[in-house]
Structures are given as structure tokens and as C-alpha cells.
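Containing CSV, C-alpha atoms and all ligand atoms: coords-v3.csv.
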```
chain,number,residue,atom,x,y,z
A,357,MET,CA,60.2,60.3,158.2
A,358,GLY,CA,58.9,62.7,155.5
A,359,LEU,CA,60.2,62.5,151.9
A,360,TYR,CA,62.1,65.7,152.3
A,361,ASP,CA,63.3,65.4,155.9
A,362,LYS,CA,66.7,63.9,154.9
A,363,PHE,CA,67.6,67.2,153.2
A,364,ALA,CA,67.3,69.3,156.4
A,365,ARG,CA,71.1,69.7,156.7
A,366,LEU,CA,71.6,70.5,153.1
A,367,VAL,CA,68.8,73.1,153.2
A,368,GLY,CA,70.3,74.6,156.4
A,369,GLU,CA,73.7,74.9,154.7
A,370,ARG,CA,72.3,76.5,151.6
A,371,GLU,CA,70.2,79.0,153.7
A,372,GLN,CA,73.5,80.2,155.2
A,373,PHE,CA,74.4,81.5,151.8
A,374,GLN,CA,71.1,83.1,151.1
A,375,THR,CA,70.7,85.4,154.1
A,376,SER,CA,71.8,88.5,152.2
A,377,GLY,CA,73.2,89.3,148.8
A,378,LEU,CA,73.4,87.2,145.7
A,379,ASN,CA,73.1,83.5,145.9
A,380,PRO,CA,76.1,81.8,144.2
A,381,PHE,CA,74.1,78.6,143.4
A,382,GLY,CA,71.9,79.2,140.4
A,383,THR,CA,72.6,82.9,140.0
A,384,CYS,CA,70.5,84.4,137.3
A,385,ILE,CA,72.4,86.1,134.6
A,386,ASP,CA,69.7,88.6,133.7
A,387,GLU,CA,71.1,89.5,130.3
A,388,ILE,CA,73.7,88.0,128.1
A,389,TYR,CA,75.4,90.3,125.5
A,390,SER,CA,78.2,88.2,124.1
A,391,ALA,CA,80.6,85.4,124.9
A,392,THR,CA,82.3,87.6,127.4
A,393,GLU,CA,79.7,90.1,128.7
A,394,GLY,CA,76.4,90.0,130.6
A,395,ARG,CA,74.4,91.7,133.3
A,396,ILE,CA,73.5,90.5,136.8
A,397,GLY,CA,71.0,92.9,138.4
A,398,ASP,CA,72.3,96.4,137.8
A,399,GLN,CA,75.9,95.2,137.4
A,400,LYS,CA,77.5,94.7,134.0
A,401,ILE,CA,79.9,91.8,134.2
A,402,ILE,CA,82.7,90.1,132.4
A,403,LEU,CA,82.0,86.4,132.1
A,404,ALA,CA,85.0,84.6,133.6
A,405,GLY,CA,83.3,81.5,134.8
A,406,THR,CA,82.0,79.7,131.7
A,407,ASN,CA,83.1,76.7,129.7
A,408,ASN,CA,82.8,78.6,126.4
A,409,TYR,CA,86.5,78.0,125.7
A,410,LEU,CA,86.6,79.0,122.1
A,411,GLY,CA,84.2,81.8,122.7
A,412,LEU,CA,81.8,80.5,120.0
A,413,THR,CA,78.4,81.1,121.7
A,414,PHE,CA,77.8,84.1,119.6
A,415,ASP,CA,79.6,83.0,116.4
A,416,ALA,CA,77.6,84.5,113.5
A,417,THR,CA,78.0,81.4,111.3
A,418,ALA,CA,76.9,79.0,114.0
A,419,ILE,CA,73.9,81.2,114.8
A,420,ALA,CA,72.9,81.5,111.2
A,421,ALA,CA,73.2,77.7,110.7
A,422,GLY,CA,71.1,77.1,113.8
A,423,GLN,CA,68.4,79.6,112.7
A,424,ALA,CA,68.2,78.1,109.2
A,425,ALA,CA,67.8,74.6,110.7
A,426,LEU,CA,65.1,75.8,113.1
A,427,ALA,CA,63.2,77.3,110.2
A,428,GLU,CA,63.7,74.3,107.9
A,429,GLN,CA,63.4,71.3,110.3
A,430,GLY,CA,61.4,72.6,113.2
A,431,THR,CA,61.9,73.1,116.9
A,432,GLY,CA,62.6,69.6,118.0
A,433,THR,CA,62.9,66.0,116.9
A,434,THR,CA,60.3,64.8,119.6
A,435,GLY,CA,61.9,61.4,119.7
A,436,SER,CA,65.0,59.4,120.6
A,437,ARG,CA,67.8,58.5,118.3
A,438,MET,CA,66.5,54.9,118.1
A,439,ALA,CA,63.0,56.0,117.1
A,440,ASN,CA,62.2,59.1,115.1
A,441,GLY,CA,65.0,61.3,116.4
A,442,SER,CA,67.8,60.5,114.0
A,443,TYR,CA,67.8,63.0,111.1
A,444,GLY,CA,70.2,63.3,108.3
A,445,SER,CA,72.0,66.1,110.2
A,446,HIS,CA,72.6,63.9,113.2
A,447,LEU,CA,74.2,61.3,111.0
A,448,ALA,CA,76.2,63.9,109.2
A,449,LEU,CA,77.5,65.3,112.5
A,450,GLU,CA,78.5,61.8,113.6
A,451,GLN,CA,80.3,61.3,110.3
A,452,GLU,CA,82.2,64.6,110.7
A,453,ILE,CA,83.2,63.8,114.3
A,454,ALA,CA,84.4,60.3,113.2
A,455,GLU,CA,86.4,61.9,110.4
A,456,LEU,CA,87.9,64.5,112.7
A,457,PHE,CA,89.1,61.8,115.0
A,458,ASP,CA,89.9,59.3,112.2
A,459,ARG,CA,87.8,56.6,113.9
A,460,PRO,CA,85.2,54.3,112.5
A,461,THR,CA,82.4,55.2,114.8
A,462,ALA,CA,81.1,58.4,116.5
A,463,ILE,CA,77.8,58.4,118.4
A,464,VAL,CA,75.9,61.6,119.3
A,465,PHE,CA,74.1,61.8,122.6
A,466,SER,CA,71.7,64.4,124.0
A,467,THR,CA,74.2,65.8,126.6
A,468,GLY,CA,77.8,65.1,127.7
A,469,TYR,CA,76.3,63.7,130.9
A,470,THR,CA,74.3,61.1,128.9
A,471,ALA,CA,77.3,60.3,126.7
A,472,ASN,CA,79.1,59.2,129.9
A,473,LEU,CA,76.1,57.5,131.2
A,474,GLY,CA,75.3,55.8,127.9
A,475,VAL,CA,78.8,54.5,127.2
A,476,ILE,CA,80.1,53.7,130.6
A,477,SER,CA,77.0,52.2,132.2
A,478,THR,CA,76.4,49.9,129.2
A,479,LEU,CA,80.0,48.6,129.0
A,480,ALA,CA,80.8,48.5,132.7
A,481,THR,CA,78.3,46.0,134.0
A,482,PRO,CA,78.6,43.5,136.9
A,483,GLY,CA,81.7,41.5,136.4
A,484,THR,CA,83.7,44.4,134.8
A,485,VAL,CA,86.3,46.2,136.8
A,486,VAL,CA,86.5,50.0,136.3
A,487,LEU,CA,89.4,52.0,137.5
A,488,ILE,CA,88.6,55.7,137.9
A,489,ASP,CA,90.5,58.8,139.0
A,490,ALA,CA,89.2,59.8,142.4
A,491,ASP,CA,88.4,63.3,141.1
A,492,SER,CA,86.2,62.1,138.2
A,493,HIS,CA,83.2,64.1,137.2
A,494,ALA,CA,79.8,63.1,138.7
A,495,SER,CA,78.7,61.8,135.4
A,496,ILE,CA,81.5,59.2,135.5
A,497,TYR,CA,80.6,58.1,139.1
A,498,ASP,CA,76.9,58.0,138.2
A,499,ALA,CA,77.5,56.0,135.1
A,500,CYS,CA,79.6,53.4,137.1
A,501,ALA,CA,76.9,53.2,139.7
A,502,LEU,CA,74.2,52.7,137.0
A,503,GLY,CA,76.2,50.0,135.2
A,504,GLY,CA,76.9,48.1,138.4
A,505,ALA,CA,80.5,47.4,137.7
A,506,GLU,CA,83.2,46.9,140.4
A,507,ILE,CA,84.6,50.4,141.0
A,508,ILE,CA,88.2,50.9,142.0
A,509,ARG,CA,89.3,54.5,142.6
A,510,PHE,CA,92.9,55.6,142.3
A,511,ARG,CA,94.4,58.7,143.7
A,512,HIS,CA,93.9,61.8,141.5
A,513,ASN,CA,96.5,61.9,138.7
A,514,ASP,CA,98.6,59.3,140.4
A,515,ALA,CA,99.7,56.8,137.7
A,516,LYS,CA,101.7,54.8,140.2
A,517,ASP,CA,98.6,54.3,142.3
A,518,LEU,CA,96.7,53.1,139.2
A,519,GLU,CA,99.5,50.7,138.4
A,520,ARG,CA,99.6,49.2,141.9
A,521,ARG,CA,95.8,48.6,141.7
A,522,MET,CA,96.1,47.1,138.2
A,523,VAL,CA,98.9,44.8,139.4
A,524,ARG,CA,96.7,43.6,142.3
A,525,LEU,CA,94.0,42.7,139.8
A,526,GLY,CA,96.2,40.1,138.2
A,527,GLU,CA,94.7,38.6,135.1
A,528,ARG,CA,91.5,40.7,135.5
A,529,ALA,CA,93.5,43.8,134.6
A,530,LYS,CA,93.4,42.7,130.9
A,531,ASP,CA,89.7,43.4,130.7
A,532,ALA,CA,89.5,46.3,133.1
A,533,LEU,CA,88.3,49.7,132.0
A,534,ILE,CA,90.5,52.7,133.0
A,535,ILE,CA,88.7,56.1,132.9
A,536,VAL,CA,90.4,59.5,133.1
A,537,GLU,CA,89.6,63.0,132.0
A,538,GLY,CA,91.7,65.3,129.8
A,539,ILE,CA,91.7,68.6,131.6
A,540,TYR,CA,90.0,68.4,135.1
A,541,SER,CA,87.4,71.0,135.4
A,542,MET,CA,88.1,72.3,138.9
A,543,LEU,CA,91.9,72.5,139.1
A,544,GLY,CA,92.7,72.8,135.4
A,545,ASP,CA,95.3,70.0,135.7
A,546,VAL,CA,95.6,67.2,133.1
A,547,ALA,CA,95.8,63.4,133.3
A,548,PRO,CA,99.2,61.9,133.2
A,549,LEU,CA,98.1,60.2,130.0
A,550,ALA,CA,101.5,59.1,128.7
A,551,GLU,CA,102.2,57.2,131.9
A,552,ILE,CA,98.7,55.7,131.9
A,553,VAL,CA,99.1,54.6,128.3
A,554,ASP,CA,102.4,52.9,129.3
A,555,ILE,CA,100.6,51.0,132.1
A,556,LYS,CA,97.9,49.9,129.7
A,557,ARG,CA,100.5,48.7,127.2
A,558,ARG,CA,102.2,46.6,129.8
A,559,LEU,CA,99.2,45.4,131.9
A,560,GLY,CA,96.3,45.5,129.4
A,561,GLY,CA,92.9,46.9,129.9
A,562,TYR,CA,90.8,49.5,127.9
A,563,LEU,CA,91.2,53.2,128.2
A,564,LEU,CA,88.4,55.8,128.0
A,565,VAL,CA,89.3,59.5,128.1
A,566,ASP,CA,86.6,62.1,128.8
A,567,GLU,CA,87.9,65.1,126.9
A,568,ALA,CA,85.0,67.4,127.9
A,569,HIS,CA,87.2,70.3,128.9
A,570,SER,CA,90.2,69.5,126.6
A,571,PHE,CA,88.4,69.0,123.3
A,572,GLY,CA,88.8,72.1,121.2
A,573,VAL,CA,91.4,73.3,123.7
A,574,MET,CA,94.4,71.0,123.3
A,575,GLY,CA,96.1,69.2,120.4
A,576,LYS,CA,97.1,70.6,117.0
A,577,ASN,CA,93.6,69.9,115.6
A,578,GLY,CA,91.8,70.5,118.9
A,579,ARG,CA,91.1,66.8,119.5
A,580,GLY,CA,92.2,67.0,123.1
A,581,LEU,CA,94.9,65.8,125.5
A,582,ALA,CA,95.4,62.4,123.7
A,583,GLU,CA,96.2,64.3,120.5
A,584,GLU,CA,98.5,66.7,122.3
A,585,LEU,CA,100.5,63.8,123.8
A,586,GLY,CA,100.4,61.7,120.6
A,587,VAL,CA,98.7,58.7,122.3
A,588,GLU,CA,95.4,58.7,120.5
A,589,GLN,CA,96.0,55.2,119.1
A,590,ASP,CA,96.2,53.8,122.7
A,591,VAL,CA,92.9,55.4,123.7
A,592,ASP,CA,89.9,53.1,123.0
A,593,ILE,CA,87.1,55.5,123.6
A,594,ILE,CA,87.1,59.3,123.6
A,595,LEU,CA,84.1,61.1,125.1
A,596,GLY,CA,83.2,64.8,124.6
A,597,THR,CA,80.5,67.3,125.0
A,598,PHE,CA,79.0,70.0,122.8
A,599,SER,CA,78.4,72.2,125.8
A,600,LYS,CA,81.9,73.7,126.2
A,601,SER,CA,84.2,74.4,123.2
A,602,LEU,CA,81.3,73.7,120.8
A,603,ALA,CA,79.1,76.2,122.6
A,604,SER,CA,75.9,74.3,122.5
A,605,ILE,CA,74.5,71.2,124.2
A,606,GLY,CA,74.9,67.5,123.5
A,607,GLY,CA,77.7,64.9,123.7
A,608,PHE,CA,79.6,62.4,121.7
A,609,ALA,CA,81.7,59.2,121.9
A,610,VAL,CA,84.2,58.0,119.4
A,611,GLY,CA,85.7,54.6,119.1
A,612,ASN,CA,86.0,51.5,117.0
A,613,LYS,CA,83.3,49.7,115.0
A,614,GLU,CA,82.3,47.5,118.0
A,615,MET,CA,81.0,50.6,119.7
A,616,GLU,CA,78.0,50.6,117.3
A,617,VAL,CA,76.4,48.0,119.5
A,618,LEU,CA,75.6,50.9,122.0
A,619,ARG,CA,72.9,52.1,119.6
A,620,TYR,CA,70.9,49.0,120.5
A,621,SER,CA,72.0,48.5,124.1
A,622,SER,CA,72.6,51.8,125.7
A,623,ARG,CA,69.5,53.0,127.7
A,624,PRO,CA,70.7,56.6,128.0
A,625,TYR,CA,71.0,56.7,124.2
A,626,ILE,CA,67.7,54.9,123.5
A,627,PHE,CA,65.4,56.4,126.1
A,628,THR,CA,65.8,60.1,125.7
A,629,ALA,CA,65.0,62.6,122.9
A,630,SER,CA,67.8,63.5,120.5
A,631,PRO,CA,69.2,67.1,120.2
A,632,SER,CA,67.1,69.4,118.1
A,633,PRO,CA,68.1,70.2,114.5
A,634,ALA,CA,69.1,73.8,115.5
A,635,ILE,CA,71.5,72.4,118.0
A,636,ILE,CA,73.0,69.9,115.6
A,637,ALA,CA,73.4,72.6,112.9
A,638,SER,CA,75.2,75.0,115.3
A,639,VAL,CA,77.4,72.2,116.6
A,640,ARG,CA,78.4,71.3,113.0
A,641,SER,CA,79.4,74.8,112.4
A,642,ALA,CA,81.4,75.1,115.6
A,643,LEU,CA,83.1,71.8,114.8
A,644,LYS,CA,84.5,73.4,111.6
A,645,SER,CA,86.0,76.2,113.7
A,646,VAL,CA,87.7,73.7,116.0
A,647,ALA,CA,89.6,72.2,113.1
A,648,LYS,CA,90.0,75.2,110.9
A,649,LYS,CA,90.7,78.1,113.4
A,650,PRO,CA,93.7,77.2,115.4
A,651,GLU,CA,94.0,80.9,116.1
A,652,LEU,CA,91.1,80.6,118.6
A,653,ARG,CA,93.2,78.0,120.6
A,654,GLU,CA,96.2,80.2,120.4
A,655,LYS,CA,94.3,83.2,121.8
A,656,LEU,CA,92.7,81.0,124.5
A,657,TRP,CA,96.1,79.9,125.7
A,658,LYS,CA,97.5,83.5,125.6
A,659,ASN,CA,94.6,84.6,127.7
A,660,ALA,CA,95.1,81.7,130.1
A,661,GLU,CA,98.8,82.6,130.5
A,662,ARG,CA,98.0,86.3,131.1
A,663,LEU,CA,95.4,85.6,133.8
A,664,TYR,CA,97.5,83.0,135.5
A,665,HIS,CA,100.6,85.2,135.7
A,666,GLY,CA,98.5,88.3,136.7
A,667,LEU,CA,96.9,86.4,139.6
A,668,ALA,CA,100.1,84.7,140.7
A,669,LYS,CA,101.8,88.2,140.8
A,670,LEU,CA,99.0,89.3,143.2
A,671,GLY,CA,100.0,86.4,145.5
A,672,TYR,CA,97.0,84.2,145.0
A,673,GLU,CA,97.4,80.4,145.3
A,674,LEU,CA,96.4,78.9,141.9
A,675,GLY,CA,96.1,75.5,140.2
A,676,PRO,CA,99.2,73.5,139.4
A,677,ARG,CA,99.5,74.6,135.8
A,678,ILE,CA,98.5,77.2,133.3
A,679,SER,CA,95.2,76.2,131.9
A,680,PRO,CA,92.0,77.9,130.6
A,681,VAL,CA,90.6,76.9,134.0
A,682,VAL,CA,92.3,79.0,136.6
A,683,PRO,CA,91.3,78.1,140.2
A,684,VAL,CA,92.0,80.6,142.9
A,685,MET,CA,92.2,78.8,146.3
A,686,ILE,CA,90.4,80.5,149.1
A,687,GLY,CA,90.6,79.8,152.8
A,688,SER,CA,87.0,79.3,154.0
A,689,LYS,CA,83.6,79.0,152.6
A,690,GLU,CA,82.7,82.4,154.1
A,691,ASP,CA,85.7,84.1,152.5
A,692,GLY,CA,84.8,82.4,149.3
A,693,LEU,CA,81.3,83.8,149.3
A,694,ARG,CA,82.4,87.3,150.3
A,695,TYR,CA,85.1,87.3,147.5
A,696,TRP,CA,82.6,86.0,145.0
A,697,ARG,CA,80.1,88.7,145.8
A,698,ASP,CA,82.8,91.4,145.8
A,699,LEU,CA,84.0,90.2,142.4
A,700,ILE,CA,80.5,90.7,141.0
A,701,ALA,CA,80.3,94.1,142.5
A,702,ASN,CA,83.6,94.8,140.7
A,703,GLY,CA,82.1,93.6,137.4
A,704,VAL,CA,83.5,90.0,137.2
A,705,TYR,CA,81.6,86.8,137.3
A,706,VAL,CA,83.5,83.6,138.3
A,707,ASN,CA,82.2,80.3,139.8
A,708,LEU,CA,82.3,79.8,143.6
A,709,VAL,CA,83.0,76.1,144.1
A,710,LEU,CA,82.7,74.5,147.5
A,711,PRO,CA,83.6,70.9,148.6
A,712,PRO,CA,82.6,68.3,147.6
A,713,ALA,CA,82.4,69.8,144.1
A,714,ALA,CA,85.9,71.2,144.7
A,715,PRO,CA,88.4,68.4,145.5
A,716,ALA,CA,90.3,67.9,148.7
A,717,GLY,CA,88.0,70.0,150.9
A,718,ILE,CA,89.1,73.3,149.4
A,719,THR,CA,87.0,76.3,148.5
A,720,LEU,CA,87.9,77.9,145.2
A,721,LEU,CA,86.9,80.6,142.9
A,722,ARG,CA,87.0,78.9,139.5
A,723,CYS,CA,88.0,81.4,136.8
A,724,SER,CA,87.9,80.4,133.2
A,725,VAL,CA,89.0,82.3,130.1
A,726,ASN,CA,87.9,82.0,126.6
A,727,ALA,CA,89.2,82.9,123.1
A,728,ALA,CA,86.9,85.9,122.9
A,729,HIS,CA,88.3,87.7,126.0
A,730,SER,CA,90.4,90.7,125.0
A,731,ASP,CA,93.6,91.6,126.9
A,732,GLN,CA,91.6,94.4,128.5
A,733,ASP,CA,89.0,91.8,129.8
A,734,ILE,CA,91.8,89.7,131.3
A,735,ASP,CA,93.3,92.8,132.9
A,736,ALA,CA,89.9,93.8,134.3
A,737,ILE,CA,89.6,90.3,135.9
A,738,ILE,CA,93.0,90.7,137.4
A,739,ASP,CA,92.2,94.2,138.7
A,740,ALA,CA,89.0,92.9,140.3
A,741,PHE,CA,91.1,90.3,142.2
A,742,ALA,CA,93.6,93.0,143.1
A,743,THR,CA,90.8,95.1,144.8
A,744,LEU,CA,90.0,92.0,147.0
A,745,LYS,CA,93.6,92.1,148.3
A,746,ASN,CA,93.2,95.8,149.2
A,747,LYS,CA,90.2,95.3,151.4
B,801,LIG,N1,82.4,65.2,131.7
B,801,LIG,C1,83.0,66.2,132.4
B,801,LIG,C2,84.4,66.0,132.7
B,801,LIG,C3,82.4,67.4,132.7
B,801,LIG,O1,83.1,68.4,133.3
B,801,LIG,C4,81.0,67.6,132.3
B,801,LIG,C5,80.3,68.9,132.5
B,801,LIG,N2,80.8,69.8,133.3
B,801,LIG,C6,80.4,66.5,131.7
B,801,LIG,C7,81.1,65.4,131.4
B,801,LIG,C8,78.9,66.7,131.3
B,801,LIG,O2,78.8,67.4,130.2
B,801,LIG,P1,77.4,68.2,129.8
B,801,LIG,O3,77.3,69.4,130.7
B,801,LIG,O4,77.6,68.6,128.4
B,801,LIG,O5,76.3,67.3,130.1
```

Show the structure stored in the file as C-alpha cells.
Amino acid sequence: MGLYDKFARLVGEREQFQTSGLNPFGTCIDEIYSATEGRIGDQKIILAGTNNYLGLTFDATAIAAGQAALAEQGTGTTGSRMANGSYGSHLALEQEIAELFDRPTAIVFSTGYTANLGVISTLATPGTVVLIDADSHASIYDACALGGAEIIRFRHNDAKDLERRMVRLGERAKDALIIVEGIYSMLGDVAPLAEIVDIKRRLGGYLLVDEAHSFGVMGKNGRGLAEELGVEQDVDIILGTFSKSLASIGGFAVGNKEMEVLRYSSRPYIFTASPSPAIIASVRSALKSVAKKPELREKLWKNAERLYHGLAKLGYELGPRISPVVPVMIGSKEDGLRYWRDLIANGVYVNLVLPPAAPAGITLLRCSVNAAHSDQDIDAIIDAFATLKNK
């Protein structure tokens, strides 16, 4: 069997989507004008399928900080955090993240994906039990596989199911690692963190929350779902990314002093190059906006509400709650593709998500709003969905 023969089915499936028109997987955005506007081919589009929640990708201060660092410190570190890739600015950013969360330790990784890989695979080794939500992001699954821990999946957002599985573990529950996300990226729903914390208080274990989509978005200071629910003290490790609210690329983990050991033991921390100085500088600037500009969060949630209500009024089936991620459920893959292309023709870009990336075998058009969208932008997105109904 040839090296690529095993992909025949996948290739066949993908070709189905490439026969005519735009390909939804890896679409080229030919030009990008702002946090909300771009161009695909001849079509100007409103960007309604990004993770740019606070709309900071074109923030003038963050751009200036990145440009200055590029000029002063060069284009890249050319080394890993453990070798020559830890500059003063990497350490300063770690200090600022630790202070924001009021935790002793923060560690910066090269991406959110490697943050999950670096933390989870190093802690969850053979002999450790990990309980993960069934809808966990691929980086959590991959991290568990890399670490070699015993993996127990519980039903998505079902705290009762988690509890049953913890009880079955008996004494082993005390050392188990529970992993959940803040906002789930496909349905926009949130983990039942208060119930999970209650289970942890009664049965033991450690709790890790991946706040990739909730950092900057939830909580008074933007620290995420755990802050919003007032349970941060019960969370052992919080993970986050720079690629969503912080509008750049990289990842972080915060926790107690013991977590420092990861710097000497975590292969995804040790064996990859560190983020470039320009990235770190723009992230440090964006981090200030998370804490100091609550108005961005307010506008984000207003936009989320406006889009959710507008689409609900049109009769679309949406996610379970108002969230910056607004999934529109579509019947079939074929309908999904047709709608996705029609939306672009009407000037709106969203993400087409097919199973298994979309949970429970559904096809969805994943819309997301950001703080930079105007009311007119949101209304234009709703209008584009309205035209689909009239076809
Ligand atoms: N965790 C979750 C929950 C995510 O949704 C993502 C990215 N979509 C990641 C981690 C990885 O983050 P990054 O893209 O910054 O590597």
C-alpha cells in the first residue's frame, strides 16, 4: 500500500467540494482591510468567521509596539525558550499574565496548540487518569495521546456524567485531571464550571480550564469563564491563546509555583522556537486592552445579542445560548456548502464546519462577532442570511 493510499476516501470527499466555486477549506482571503473587512476574489466581505473577539488585529498601539520590537530586536528569536529564545520581553509578558491572573506562574508557549500539548502531555503520563469533555478541542485530545495517560471521556457539558465517572474511579479520582473549556468554539456554549468545581471539591482531582475562546471575552477583567463564575481559586491551571482575543499568535498557561517544572520537562516548550519579539510586543499591548478596556467586551456582547436575536427572528436554529460564537445549524453538507457560497456572494464570510469538526454529526455555519463590528455590519450579516431564506 502506498504512503498516500489511505487518504483516498478523504481526497474523494474533499473533491466533492471543489468541483465548482470557492473551496471552503483554506479559502484565500485575498486582501484584509481591517478587523471586520476583507476581499475574496472580486467580492468585498464582512469578516464574520474569525476569533478576533476584541477586534484588536488592527489596533494602532499594538501595531506600533510590534513594529518597534521588529526594528529593535529583529525578526525572530531563532531558538526555543530553553535555549536562546527567552528575551526580556518574553519574561515581562509572563510576569504581566501572572499578575493579571494573580497566580505565581505563567508560561508562554509558541501557540495555543503547543500550550495544551506542553502542559497536558507532560502532566498526564501513563498512570494518570484524565477526564475530558467529549467535545474537547483537538489539541486536548492530541495532548492526552502524546502523554499516554488513561483517557476517560464524559458527555459534553454533562457534570452528572463526569461525577459518575469520578465516583467509579474510587481513590484514583483524587489524583485525576479534569479538563474542560470555557466557551466551546463550535456551539458557543460554556462548561458547567460551578457544578464541576463542586464535584472537584467533594471528590478531589485537579482542574484545568482551556479559556482559549473565553479569555478576553468573559469575566469583569476578561480572565474568562472561571472569573465570570467566581471559581478561579478552584481551577488549578488555566490555559489560553494569543490567537483570539489577543489578536496575534502564541499561548500561555497559568498556575502555581510547581508548574515551573514544565520549563525543564515539557517537550513542546523545549523543542520549538519561541514567539518572535514583534509578536510578544503586540500581545503585551493587547493584554493591556483586555484589562483596561471593558467597553470592548461590552460591545462584543451587544453585537452577539444583536446577531443572535436577528438570526433567531429569521427562524434559524442556533446554538443554546447567546455567545460571540453563533452557530447556524444547517441540514446537510450540500446545503451548508451552498449557503456558505451564497453568503460570500452576499458579502459575508463565515466558517463552514462539517462533522467531525462540528459535534454530533451536524453541519453548521459558524458565525462569530467581534467588538469592532458596527451595528450596520451585524445587520448586513443578518440581511445576508435573510436572502438565503428567500431563495
Ligand atoms: N484550545 C482551543 C479550545 C481552541 O479552540 C484552539 C484553537 N482554535 C486552541 C486551543 C489552539 O489555539 P491556537 O490556534 O492558538 O494554537

Find the residues around Thr719 of chain A up to 8 Å (all atoms listed in the file counted), leave out those fewer than 4 positions away in its own chain, and share them as number ranges by chain. A: 685-689, 692, 708-711, 714

Residues within 7 Å of ligand LIG 801 (chain B), counting only C-alpha atoms and all ligand atoms: report them as a VMD selection string. chain A and resid 467 to 470 472 492 to 493 495 537 540 to 541 566 to 569 597 to 599 605 to 607

Residues of the last selection are to be written out with C-alpha atoms, as a short mmCIF file (atom, residue, chain, number, x, y, z; two decimals), keeping the file's coordinate frame.
```
data_model
loop_
_atom_site.label_atom_id
_atom_site.label_comp_id
_atom_site.auth_asym_id
_atom_site.auth_seq_id
_atom_site.Cartn_x
_atom_site.Cartn_y
_atom_site.Cartn_z
CA THR A 467 74.20 65.80 126.60
CA GLY A 468 77.80 65.10 127.70
CA TYR A 469 76.30 63.70 130.90
CA THR A 470 74.30 61.10 128.90
CA ASN A 472 79.10 59.20 129.90
CA SER A 492 86.20 62.10 138.20
CA HIS A 493 83.20 64.10 137.20
CA SER A 495 78.70 61.80 135.40
CA GLU A 537 89.60 63.00 132.00
CA TYR A 540 90.00 68.40 135.10
CA SER A 541 87.40 71.00 135.40
CA ASP A 566 86.60 62.10 128.80
CA GLU A 567 87.90 65.10 126.90
CA ALA A 568 85.00 67.40 127.90
CA HIS A 569 87.20 70.30 128.90
CA THR A 597 80.50 67.30 125.00
CA PHE A 598 79.00 70.00 122.80
CA SER A 599 78.40 72.20 125.80
CA ILE A 605 74.50 71.20 124.20
CA GLY A 606 74.90 67.50 123.50
CA GLY A 607 77.70 64.90 123.70
#
```

How far is it from atom CA of Lys658 of chain A to atom CA of Asp415 of chain A, in Å with one decimal?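 Pair atom CA of Lys658 of chain A / atom CA of Asp415 of chain A returns 20.1 Å.
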
Taking only C-alpha atoms into account, which of A:Gly503, A:Ile552, A:Glu452, A:Lys530 comes nearest Leu518 of chain A? A:Ile552

Using all atoms listed in the file for the distances, tell me which of A:Gly397, A:Pro680, A:Gly368, A:Gly671 is nearest to Lys655 of chain A. A:Pro680
